[in-house]
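Novice: If it helps, the file is called work22.cif and holds mmCIF, C-alpha atoms:
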```cif
data_entry
#
loop_
_atom_site.label_atom_id
_atom_site.label_comp_id
_atom_site.auth_asym_id
_atom_site.auth_seq_id
_atom_site.Cartn_x
_atom_site.Cartn_y
_atom_site.Cartn_z
CA MET O 548 -37.61 34.40 4.29
CA LYS O 549 -38.04 38.09 3.27
CA THR O 550 -36.88 39.17 6.73
CA LEU O 551 -33.79 36.96 6.51
CA LYS O 552 -32.90 38.37 3.08
CA PHE O 553 -33.37 41.93 4.33
CA PHE O 554 -31.03 41.51 7.29
CA THR O 555 -28.43 39.69 5.19
CA ILE O 556 -28.32 42.48 2.61
CA PHE O 557 -28.30 45.12 5.35
CA PHE O 558 -25.36 43.55 7.16
CA LEU O 559 -23.34 43.07 3.98
CA LEU O 560 -23.87 46.69 2.90
CA CYS O 561 -22.75 47.91 6.30
CA ALA O 562 -19.57 45.87 6.03
CA TYR O 563 -18.29 47.82 3.03
CA SER O 564 -18.45 51.19 4.78
CA ALA O 565 -17.20 50.11 8.23
CA SER O 566 -13.84 50.42 9.90
CA ALA O 567 -12.08 47.60 11.74
CA GLN O 568 -13.68 46.52 15.01
CA GLU O 569 -12.70 44.33 17.95
CA LEU O 570 -14.26 41.20 19.41
CA THR O 571 -15.36 43.24 22.42
CA ASN O 572 -17.82 45.29 20.37
CA TRP O 573 -21.58 44.90 20.52
CA GLN O 574 -23.04 42.37 18.10
CA VAL O 575 -26.65 42.25 16.89
CA GLY O 576 -27.72 39.40 14.68
CA ILE O 577 -30.28 36.90 13.45
CA ASN O 578 -30.30 33.16 14.06
CA ALA O 579 -32.08 30.01 12.90
CA ASN O 580 -32.34 26.86 15.04
CA PRO O 581 -33.64 23.53 13.64
CA PHE O 582 -33.82 21.00 16.47
CA LEU O 583 -35.11 17.66 17.69
CA PHE O 584 -37.73 17.89 20.44
CA TYR O 585 -38.19 15.15 23.00
CA LYS O 586 -40.44 15.10 26.07
CA LEU O 587 -38.80 13.15 28.90
CA ASN O 588 -40.75 10.93 31.36
CA THR O 589 -43.94 10.51 29.37
CA VAL O 590 -46.49 7.91 30.46
CA SER O 591 -45.33 4.32 30.02
CA TYR O 592 -48.20 3.14 27.81
CA PHE O 593 -47.41 5.79 25.18
CA ASP O 594 -44.82 5.16 22.51
CA ARG O 595 -43.42 7.61 19.98
CA GLU O 596 -44.26 7.38 16.34
CA LYS O 597 -41.77 8.28 13.63
CA GLN O 598 -41.22 11.99 14.16
CA ASP O 599 -40.75 14.79 11.69
CA PHE O 600 -37.06 15.55 11.13
CA PRO O 601 -36.50 18.01 12.57
CA ASN O 602 -39.65 18.29 14.70
CA GLY O 603 -38.82 21.78 15.92
CA PHE O 604 -37.62 25.07 14.48
CA GLY O 605 -36.83 28.49 15.90
CA PHE O 606 -35.66 31.86 14.63
CA GLY O 607 -34.97 35.20 16.26
CA ILE O 608 -32.55 37.98 17.05
CA THR O 609 -29.41 37.89 19.19
CA ILE O 610 -27.49 40.52 21.18
CA GLU O 611 -23.89 39.86 22.28
CA LYS O 612 -21.24 41.83 24.16
CA ASN O 613 -17.82 40.68 25.31
CA TRP O 614 -16.26 42.10 28.46
CA ASN O 615 -12.82 41.16 27.15
CA GLU O 616 -11.27 38.90 24.51
CA ARG O 617 -12.42 35.76 26.35
CA TRP O 618 -15.64 36.39 28.30
CA GLY O 619 -18.98 37.91 27.41
CA PHE O 620 -22.74 37.43 27.43
CA LYS O 621 -25.41 36.63 24.87
CA THR O 622 -29.16 37.21 24.96
CA GLY O 623 -31.98 37.76 22.48
CA PHE O 624 -35.52 36.81 21.56
CA GLU O 625 -36.77 33.75 19.67
CA SER O 626 -40.02 32.34 18.33
CA THR O 627 -40.08 28.54 18.15
CA SER O 628 -42.45 25.69 17.29
CA GLN O 629 -42.16 22.01 18.23
CA ASN O 630 -44.31 18.92 17.70
CA GLU O 631 -44.46 15.30 18.79
CA LYS O 632 -46.48 12.17 17.85
CA TYR O 633 -47.47 9.18 20.00
CA PHE O 634 -49.57 6.03 19.85
CA VAL O 635 -50.90 3.66 22.52
CA LYS O 636 -48.58 0.67 22.95
CA ASP O 637 -51.21 -2.05 23.31
CA ASN O 638 -52.37 -1.41 19.72
CA SER O 639 -55.97 -1.39 20.87
CA GLU O 640 -58.91 -1.63 18.52
CA ASP O 641 -59.39 2.12 18.77
CA ASN O 642 -55.95 2.66 17.20
CA THR O 643 -55.41 5.67 19.47
CA ARG O 644 -52.91 8.27 18.31
CA PHE O 645 -51.88 11.55 19.87
CA SER O 646 -50.12 14.52 18.31
CA THR O 647 -49.29 17.90 19.76
CA CYS O 648 -47.70 21.15 18.63
CA PHE O 649 -46.44 24.04 20.77
CA LYS O 650 -45.28 27.55 19.92
CA TYR O 651 -43.13 29.46 22.40
CA TYR O 652 -41.48 32.84 22.78
CA LYS O 653 -38.06 32.44 24.39
CA ILE O 654 -35.61 34.78 26.09
CA PRO O 655 -32.18 33.17 26.69
CA LEU O 656 -29.35 34.67 28.74
CA THR O 657 -25.96 32.96 28.59
CA VAL O 658 -22.36 33.57 29.54
CA GLN O 659 -20.01 32.82 26.66
CA TYR O 660 -16.33 31.97 26.52
CA TYR O 661 -14.07 32.36 23.48
CA ILE O 662 -10.95 30.36 22.61
CA PRO O 663 -9.02 31.68 19.57
CA ILE O 664 -8.19 28.99 17.00
CA LYS O 665 -6.62 31.13 14.30
CA HIS O 666 -7.03 34.59 12.85
CA ASN O 667 -10.72 35.59 12.86
CA LEU O 668 -11.90 32.14 14.05
CA TYR O 669 -12.91 31.25 17.62
CA PHE O 670 -14.14 28.20 19.51
CA THR O 671 -17.14 29.22 21.67
CA LEU O 672 -18.87 27.85 24.76
CA ASN O 673 -22.20 29.16 26.07
CA GLN O 674 -24.15 28.24 29.20
CA GLY O 675 -27.07 29.96 30.90
CA VAL O 676 -30.79 30.05 31.58
CA GLN O 677 -33.88 30.58 29.45
CA VAL O 678 -37.45 31.71 30.00
CA SER O 679 -40.07 30.22 27.62
CA ILE O 680 -43.55 31.75 27.30
CA LEU O 681 -46.28 29.63 25.72
CA LYS O 682 -47.73 31.39 22.68
CA SER O 683 -50.15 28.68 21.55
CA PHE O 684 -50.69 24.93 21.40
CA LYS O 685 -52.80 22.37 19.59
CA SER O 686 -53.20 18.72 20.56
CA VAL O 687 -55.21 16.06 18.75
CA ILE O 688 -56.30 12.62 20.01
CA LEU O 689 -57.45 10.46 17.10
CA THR O 690 -59.21 7.08 17.34
CA ASN O 691 -61.29 5.04 14.92
CA SER O 692 -64.48 6.57 16.32
CA GLN O 693 -63.64 10.16 17.24
CA ARG O 694 -61.22 13.07 17.07
CA ILE O 695 -60.62 15.22 20.13
CA THR O 696 -58.90 18.56 19.65
CA TYR O 697 -57.88 20.94 22.40
CA SER O 698 -55.94 24.09 21.71
CA SER O 699 -55.19 27.56 23.02
CA ASP O 700 -58.54 29.00 22.02
CA TYR O 701 -60.97 26.13 21.42
CA GLY O 702 -61.82 22.52 22.27
CA GLU O 703 -63.65 20.16 19.91
CA ILE O 704 -65.00 16.60 19.88
CA ILE O 705 -65.92 15.06 16.52
CA PHE O 706 -67.80 11.72 16.50
CA PHE O 707 -67.43 9.98 13.15
CA ASP O 708 -70.53 7.78 13.52
CA THR O 709 -72.81 10.24 15.34
CA PRO O 710 -72.00 13.75 14.09
CA GLU O 711 -75.09 15.11 15.84
CA ASP O 712 -73.15 14.69 19.12
CA ASN O 713 -70.24 16.86 17.96
CA ASN O 714 -69.24 19.59 20.39
CA ILE O 715 -67.02 22.67 20.26
CA THR O 716 -66.12 25.10 23.04
CA TYR O 717 -64.30 28.42 22.69
CA GLY O 718 -62.12 30.05 25.31
CA ASP O 719 -58.60 30.78 26.49
CA PHE O 720 -57.15 27.39 27.45
CA ASN O 721 -53.42 28.19 27.46
CA GLU O 722 -53.16 28.08 31.26
CA THR O 723 -55.67 25.23 31.69
CA PHE O 724 -53.65 22.38 30.21
CA TYR O 725 -50.06 23.63 30.16
CA GLU O 726 -47.79 25.95 32.13
CA ASN O 727 -47.66 29.37 30.56
CA THR O 728 -44.06 30.12 31.64
CA LEU O 729 -41.14 27.67 31.77
CA LEU O 730 -37.65 28.06 33.20
CA GLY O 731 -34.81 26.00 31.82
CA ALA O 732 -31.14 25.67 30.97
CA ILE O 733 -29.59 26.42 27.60
CA GLY O 734 -26.08 25.86 26.31
CA SER O 735 -24.07 25.48 23.13
CA ILE O 736 -20.66 24.65 21.73
CA GLY O 737 -19.44 25.80 18.35
CA LEU O 738 -17.45 28.18 16.15
CA LYS O 739 -17.52 31.90 15.48
CA GLY O 740 -15.73 33.52 12.56
CA PHE O 741 -15.46 36.87 10.80
CA ILE O 742 -16.13 37.22 7.08
CA SER O 743 -15.45 40.96 7.09
CA GLU O 744 -14.54 43.73 9.51
CA ARG O 745 -18.16 44.05 10.63
CA ILE O 746 -19.85 40.78 9.76
CA SER O 747 -19.42 37.58 11.78
CA TYR O 748 -21.09 34.18 11.62
CA SER O 749 -21.63 31.39 14.14
CA THR O 750 -22.48 27.69 14.02
CA ASN O 751 -23.33 25.83 17.22
CA LEU O 752 -24.57 22.54 18.59
CA ARG O 753 -27.23 23.68 21.08
CA TYR O 754 -29.28 22.02 23.81
CA GLU O 755 -32.23 23.17 25.93
CA TYR O 756 -33.72 21.54 29.03
CA ASP O 757 -36.80 22.90 30.81
CA PHE O 758 -36.74 22.46 34.59
CA THR O 759 -40.44 23.35 34.84
CA ASN O 760 -43.04 20.64 34.19
CA PRO O 761 -44.91 21.91 31.09
CA ASP O 762 -47.99 19.72 31.68
CA LYS O 763 -50.33 21.39 34.16
CA LEU O 764 -53.31 19.10 33.55
CA PRO O 765 -52.28 15.69 32.11
CA ILE O 766 -54.92 14.06 29.93
CA TYR O 767 -54.12 10.58 31.17
CA PRO O 768 -53.76 9.52 34.81
CA ASN O 769 -50.48 8.49 36.44
CA SER O 770 -48.46 10.91 34.33
CA LYS O 771 -44.98 11.58 35.66
CA THR O 772 -43.22 14.91 35.93
CA VAL O 773 -42.12 15.64 32.39
CA HIS O 774 -39.41 17.90 31.00
CA ASN O 775 -38.94 19.34 27.53
CA PHE O 776 -35.57 18.54 25.97
CA ARG O 777 -34.28 19.94 22.68
CA ILE O 778 -31.02 19.47 20.81
CA GLY O 779 -30.14 20.89 17.45
CA LEU O 780 -28.06 23.26 15.37
CA GLU O 781 -27.92 27.04 15.58
CA PHE O 782 -26.81 29.21 12.67
CA GLY O 783 -26.25 32.92 13.13
CA LEU O 784 -25.15 36.05 11.32
CA GLN O 785 -24.08 39.12 13.32
CA TYR O 786 -23.30 42.79 12.69
CA ASN O 787 -20.51 44.14 14.92
CA PHE O 788 -20.49 47.76 16.05
CA SER O 789 -19.28 50.03 18.80
CA ILE O 790 -21.48 52.59 20.54
CA ASN O 791 -18.45 54.92 20.39
CA ASP O 792 -18.47 54.98 16.58
CA ARG O 793 -20.65 58.09 16.57
CA PHE O 794 -17.92 60.17 18.27
CA ASP O 795 -15.17 61.67 16.15
CA LYS O 796 -11.99 61.18 18.15
CA ARG O 797 -9.75 63.21 15.84
CA PRO O 798 -8.24 66.34 17.38
CA ILE O 799 -10.15 69.52 16.76
CA LYS O 800 -8.35 71.90 14.38
CA ILE O 801 -8.25 75.53 15.49
#
```
When written as structure tokens, how does the structure in this file appear?
Specialist:
Amino acid sequence: MKTLKFFTIFFLLCAYSASAQELTNWQVGINANPFLFYKLNTVSYFDREKQDFPNGFGFGITIEKNWNERWGFKTGFESTSQNEKYFVKDNSEDNTRFSTCFKYYKIPLTVQYYIPIKHNLYFTLNQGVQVSILKSFKSVILTNSQRITYSSDYGEIIFFDTPEDNNITYGDFNETFYENTLLGAIGSIGLKGFISERISYSTNLRYEYDFTNPDKLPIYPNSKTVHNFRIGLEFGLQYNFSINDRFDKRPIKI
């Protein structure tokens, strides 16, 4: 929250001392992305519990540059977290439940298209690719008799009735259970407007779909190829500048 306040104040202060700029200028900003996370093609005897709403959130920085008044590109860096909850369908006596949480670093690269609606307001379309790097994960299997935890840096088995059998193992398990790097598609549709000569904002409906199967070592047999899917909102605030601003183009007086 302190970082968000800092950038907001910084951008607004810059706006008061800036001259008019064009849509084709560079834009550096911050964004927030609450979303719904859904893993496609999970095993058939799992069912989803009531999820958190939203069950994913991301924030980061964005860099944009338009080649002309219609076309441009957008990239950046994001840190995101997502979680999901399951239970076994047959409602067995063990009352088995499964929850998992992932944290990723993401680098998107999209081509964007602008359609002017009115003065200082544009309709925007974005489509491109995204690389996701697994930062950490934590998964918990809970039954009436035990709790099994496996995460990025440790694995643990807790027996409720026989605690003397408890076991914990430390290590780097990021690449053991899940793929460390994912490749996927990312796209959005939304609006972009200007609130001053230098400050712009954006609101988008955004989706993400990972082509890569994130599960390297499924816990349960007969698991299908799964794909991460996310859909949510993206809110952004950008500062617009030109790299030519540092040059004084006025004629030199002799």
Novice: Set the distance at 12 Å and use only C-alpha atoms: which residues neighbour O:Gly605 once local chain neighbours fewer than 2 positions away are removed? I'd like the list as a PDB file with C-alpha atoms, in the coordinates of the input.
Specialist:
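This is the output file part-v7.pdb:
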```
ATOM      1  CA  ILE O 577     -30.280  36.900  13.450  1.00  0.00           C
ATOM      2  CA  ASN O 578     -30.300  33.160  14.060  1.00  0.00           C
ATOM      3  CA  ALA O 579     -32.080  30.010  12.900  1.00  0.00           C
ATOM      4  CA  ASN O 580     -32.340  26.860  15.040  1.00  0.00           C
ATOM      5  CA  PRO O 581     -33.640  23.530  13.640  1.00  0.00           C
ATOM      6  CA  PHE O 582     -33.820  21.000  16.470  1.00  0.00           C
ATOM      7  CA  LEU O 583     -35.110  17.660  17.690  1.00  0.00           C
ATOM      8  CA  PHE O 584     -37.730  17.890  20.440  1.00  0.00           C
ATOM      9  CA  PRO O 601     -36.500  18.010  12.570  1.00  0.00           C
ATOM     10  CA  ASN O 602     -39.650  18.290  14.700  1.00  0.00           C
ATOM     11  CA  GLY O 603     -38.820  21.780  15.920  1.00  0.00           C
ATOM     12  CA  GLY O 607     -34.970  35.200  16.260  1.00  0.00           C
ATOM     13  CA  ILE O 608     -32.550  37.980  17.050  1.00  0.00           C
ATOM     14  CA  PHE O 624     -35.520  36.810  21.560  1.00  0.00           C
ATOM     15  CA  GLU O 625     -36.770  33.750  19.670  1.00  0.00           C
ATOM     16  CA  SER O 626     -40.020  32.340  18.330  1.00  0.00           C
ATOM     17  CA  THR O 627     -40.080  28.540  18.150  1.00  0.00           C
ATOM     18  CA  SER O 628     -42.450  25.690  17.290  1.00  0.00           C
ATOM     19  CA  GLN O 629     -42.160  22.010  18.230  1.00  0.00           C
ATOM     20  CA  PHE O 649     -46.440  24.040  20.770  1.00  0.00           C
ATOM     21  CA  LYS O 650     -45.280  27.550  19.920  1.00  0.00           C
ATOM     22  CA  TYR O 651     -43.130  29.460  22.400  1.00  0.00           C
ATOM     23  CA  TYR O 652     -41.480  32.840  22.780  1.00  0.00           C
ATOM     24  CA  LYS O 653     -38.060  32.440  24.390  1.00  0.00           C
ATOM     25  CA  ARG O 753     -27.230  23.680  21.080  1.00  0.00           C
ATOM     26  CA  ARG O 777     -34.280  19.940  22.680  1.00  0.00           C
ATOM     27  CA  ILE O 778     -31.020  19.470  20.810  1.00  0.00           C
ATOM     28  CA  GLY O 779     -30.140  20.890  17.450  1.00  0.00           C
ATOM     29  CA  LEU O 780     -28.060  23.260  15.370  1.00  0.00           C
ATOM     30  CA  GLU O 781     -27.920  27.040  15.580  1.00  0.00           C
ATOM     31  CA  PHE O 782     -26.810  29.210  12.670  1.00  0.00           C
ATOM     32  CA  GLY O 783     -26.250  32.920  13.130  1.00  0.00           C
TER      33      GLY O 783
END
```
Novice: Of the candidates O:Thr696, O:Ser679, O:Asn572, O:Ser749, which shows the shortest atom-to-atom distance to O:Asn714, using all atoms listed in the file?
Specialist: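 Going through O:Thr696, O:Ser679, O:Asn572, O:Ser749 one by one, the smallest distance to O:Asn714 is for O:Thr696.
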Novice: Mind pulling up the distance from atom CA of O:Ile733 to atom CA of O:Thr609?
Specialist: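 Computing the Euclidean distance for atom CA of O:Thr609 and atom CA of O:Ile733 yields 14.2 Å.
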Novice: Go through the shown structure with the PyMOL selection byres ((chain O and resi 671-673) around 12) and write out the matching residues as an MDAnalysis selection string.
Specialist: chainID O and resid 611 616:622 655:664 668:670 674:676 732:740 748:755
Novice: So, counting all atoms listed in the file, which residue among O:Ser699, O:Asn691, O:Gln574, O:Ser646 is closest to O:Arg595?
Specialist: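 Closest to O:Arg595, using all atoms listed in the file: O:Ser646.
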Novice: Atom CA of O:Leu784 and atom CA of O:Phe606, how far apart in Å?
Specialist: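 Atom CA of O:Leu784 lies at a distance of 11.8 Å from atom CA of O:Phe606.
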Novice: In Å to one decimal, how far is atom CA of O:Ile688 from atom CA of O:Asp757?
Specialist: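 Interatomic distance, atom CA of O:Asp757 to atom CA of O:Ile688: 24.5 Å.
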Novice: Using the chain letters and numbers from the file, give me the residues hit by the PyMOL selection byres ((chain O and resi 758) around 6), as a PyMOL selection string.
Specialist: chain O and resi 730-731+757+759
Novice: If the PyMOL selection byres ((chain O and resi 702-704) around 8) were run on this exact file, what residues would it hold? Put them as a PyMOL selection string.
Specialist: chain O and resi 693-698+700-701+705-706+713-717
Novice: Check the smallest atom-to-atom distance from each of O:Ile610, O:Ile742, O:Leu587, O:Val678 to O:Val575 using all atoms listed in the file, then report the winner.
Specialist: O:Ile610
Novice: So, with only C-alpha atoms as the atoms that count, which of O:Phe776, O:Tyr786, O:Phe634, O:Phe600 lies closest to O:Ser743?
Specialist: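 Closest residue, counting only C-alpha atoms: O:Tyr786.
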Novice: Using only C-alpha atoms, pick whichever of O:Ile746, O:Val773, O:Leu681, O:Cys648 has the shortest atom-to-atom distance to O:Glu722.
Specialist: O:Leu681
